[in-house]
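Below is one structure, written out as structure tokens; the observations come after it.
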Amino acid sequence: MSLRLTPYFVMNGNAQEAIEFYERALGASVLFKQTFGEMPSNPDYPLPDSANNLIGHAMIKVGESDLMFSDTFGGDEARIGNQVTICITLQDVEEAHRIFNALSDGGQVVTPLMETHFSPAYGSVTDKFGITFQFFTEGKM
């Protein structure tokens, strides 16, 4: 089974600044960066104009490690306790569902595991210990 855990930093509108800081301080390189405005629109979740230039998703490489970033908007504020999550990256959708359901036991589903424009199975859950895990499945769409 291929499974990778990656720290995911959720920022309050300053993800771009944080990325630039880690480039300078840690010699990081940007692997991927996309603003909310660059993502496909979803009529069920309209994007406010103020979010267009915020980071929707980014990944940087620091040495042998990856770090992921995104900004919040629309009343969701990152605060101590939810600013860093762990992203579980898998290849297999069925395995993602199995682990997601296991971590949901006694916890709380934040975003149901579902197909998105970027993943065949993406979601997030806070386990019974208060740790939030995001799921990103790289399998076929």
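Ordering of the structure tokens sets the chain letters (A, B, ...); residue numbers start at 1 within each chain; ligands are numbered from 1 in the order shown.
The environment of Ile86 in chain A within 8 Å, counting only C-alpha atoms and disregarding residues fewer than 2 places along the same chain, consists of Leu5, Thr6, Pro7, Tyr8, Val84, Ile88, Thr132, Phe133 and Gln134 of chain A.
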Could you take the residues named above and write them with N, CA and C atoms, as a PDB file, in the first residue's frame?
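Writing done, so here's result28.pdb:
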ATOM      1  N   LEU A   5       2.051  10.874   4.191  1.00  0.00           N
ATOM      2  CA  LEU A   5       1.506  11.893   5.086  1.00  0.00           C
ATOM      3  C   LEU A   5       2.263  13.199   4.852  1.00  0.00           C
ATOM      4  N   THR A   6       1.519  14.283   4.608  1.00  0.00           N
ATOM      5  CA  THR A   6       2.128  15.578   4.310  1.00  0.00           C
ATOM      6  C   THR A   6       1.493  16.655   5.176  1.00  0.00           C
ATOM      7  N   PRO A   7       2.297  17.452   5.894  1.00  0.00           N
ATOM      8  CA  PRO A   7       1.724  18.576   6.632  1.00  0.00           C
ATOM      9  C   PRO A   7       1.047  19.556   5.674  1.00  0.00           C
ATOM     10  N   TYR A   8      -0.150  20.038   6.055  1.00  0.00           N
ATOM     11  CA  TYR A   8      -0.932  20.961   5.233  1.00  0.00           C
ATOM     12  C   TYR A   8      -1.215  22.194   6.087  1.00  0.00           C
ATOM     13  N   VAL A  84      -2.835  23.497  11.037  1.00  0.00           N
ATOM     14  CA  VAL A  84      -2.030  22.451  10.422  1.00  0.00           C
ATOM     15  C   VAL A  84      -2.828  21.160  10.442  1.00  0.00           C
ATOM     16  N   ILE A  88      -3.356  12.899   3.873  1.00  0.00           N
ATOM     17  CA  ILE A  88      -3.090  11.498   3.561  1.00  0.00           C
ATOM     18  C   ILE A  88      -3.260  11.329   2.059  1.00  0.00           C
ATOM     19  N   THR A 132      -7.036  16.705  12.466  1.00  0.00           N
ATOM     20  CA  THR A 132      -7.744  16.745  11.188  1.00  0.00           C
ATOM     21  C   THR A 132      -6.857  16.184  10.086  1.00  0.00           C
ATOM     22  N   PHE A 133      -7.436  15.257   9.337  1.00  0.00           N
ATOM     23  CA  PHE A 133      -6.773  14.619   8.211  1.00  0.00           C
ATOM     24  C   PHE A 133      -7.514  14.982   6.930  1.00  0.00           C
ATOM     25  N   GLN A 134      -6.761  15.419   5.926  1.00  0.00           N
ATOM     26  CA  GLN A 134      -7.314  15.604   4.594  1.00  0.00           C
ATOM     27  C   GLN A 134      -6.919  14.371   3.770  1.00  0.00           C
TER      28      GLN A 134
END
So which residues touch Glu138 in chain A within 10 Å, counting only C-alpha atoms, skipping near sequence neighbours fewer than 3 positions away, as an mmCIF file with N, CA and C atoms, in the first residue's frame?
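Dumped to selection_12.cif:
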data_model
loop_
_atom_site.group_PDB
_atom_site.id
_atom_site.type_symbol
_atom_site.label_atom_id
_atom_site.label_comp_id
_atom_site.auth_asym_id
_atom_site.auth_seq_id
_atom_site.Cartn_x
_atom_site.Cartn_y
_atom_site.Cartn_z
ATOM 1 N N THR A 89 -2.185 10.990 1.379
ATOM 2 C CA THR A 89 -2.213 10.795 -0.061
ATOM 3 C C THR A 89 -2.143 9.308 -0.364
ATOM 4 N N LEU A 90 -3.121 8.853 -1.137
ATOM 5 C CA LEU A 90 -3.221 7.435 -1.486
ATOM 6 C C LEU A 90 -3.404 7.288 -2.988
ATOM 7 N N GLN A 91 -3.183 6.082 -3.479
ATOM 8 C CA GLN A 91 -3.434 5.754 -4.874
ATOM 9 C C GLN A 91 -4.802 5.104 -5.053
ATOM 10 N N ASP A 92 -5.279 4.414 -4.035
ATOM 11 C CA ASP A 92 -6.454 3.556 -4.143
ATOM 12 C C ASP A 92 -7.681 4.189 -3.486
ATOM 13 N N VAL A 93 -8.746 4.377 -4.255
ATOM 14 C CA VAL A 93 -9.968 5.013 -3.754
ATOM 15 C C VAL A 93 -10.611 4.168 -2.654
ATOM 16 N N PHE A 118 -10.001 17.607 -8.887
ATOM 17 C CA PHE A 118 -8.582 17.313 -8.730
ATOM 18 C C PHE A 118 -8.286 15.951 -8.110
ATOM 19 N N SER A 119 -9.327 15.222 -7.695
ATOM 20 C CA SER A 119 -9.092 13.939 -7.037
ATOM 21 C C SER A 119 -10.334 13.055 -7.138
ATOM 22 N N PRO A 120 -10.143 11.755 -7.366
ATOM 23 C CA PRO A 120 -11.304 10.864 -7.379
ATOM 24 C C PRO A 120 -11.891 10.615 -5.994
ATOM 25 N N ALA A 121 -11.154 10.958 -4.951
ATOM 26 C CA ALA A 121 -11.668 10.823 -3.579
ATOM 27 C C ALA A 121 -10.940 11.830 -2.692
ATOM 28 N N TYR A 122 -11.591 12.961 -2.421
ATOM 29 C CA TYR A 122 -11.038 13.998 -1.553
ATOM 30 C C TYR A 122 -12.037 14.259 -0.431
ATOM 31 N N PHE A 135 -7.790 13.977 2.880
ATOM 32 C CA PHE A 135 -7.523 12.830 2.017
ATOM 33 C C PHE A 135 -7.413 13.323 0.586
ATOM 34 N N MET A 141 -9.395 9.170 -12.478
ATOM 35 C CA MET A 141 -10.646 9.922 -12.399
ATOM 36 C C MET A 141 -11.637 9.352 -13.401
#
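Separating CA of Glu64 in chain A from CA of Phe21 in chain A is a distance of 18.0 Å.
Put simply, CA of Met68 in chain A is 13.3 Å away from CA of Thr35 in chain A.
The nearest approach to Gly13 in chain A among the residues A:Ser50, A:Thr72, A:Ser29, A:Asn42, with only C-alpha atoms taken into account, belongs to A:Thr72.
Nearest to Glu38 in chain A of all the residues A:Ala18, A:Ala51, A:Ile60, A:Val109 is A:Ala51, counting only C-alpha atoms.
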*Please provide the set of residues having any atom within 12 Å of Pro40 in chain A, restricted to only C-alpha atoms, with same-chain residues fewer than 5 positions apart removed, written as a PyMOL selection string.*
chain A and resi 34-35+45-47+52+56+116-118
Just the selected residues (C-alpha atoms), exported as a compact mmCIF listing (two decimals), in the first residue's frame, please.
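Printed below is again-v9.txt as written:
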# COMPACT_ATOMS: atom_id res chain seq x y z
CA GLN A 34 -2.99 27.66 -7.88
CA THR A 35 -5.22 30.50 -6.71
CA TYR A 45 -20.01 27.12 -3.96
CA PRO A 46 -19.70 30.59 -5.55
CA LEU A 47 -16.35 32.27 -5.07
CA ASN A 52 -9.67 35.16 -6.44
CA GLY A 56 -6.41 27.53 -3.25
CA THR A 116 -13.61 16.54 -7.14
CA HIS A 117 -12.00 18.15 -10.19
CA PHE A 118 -8.58 17.31 -8.73
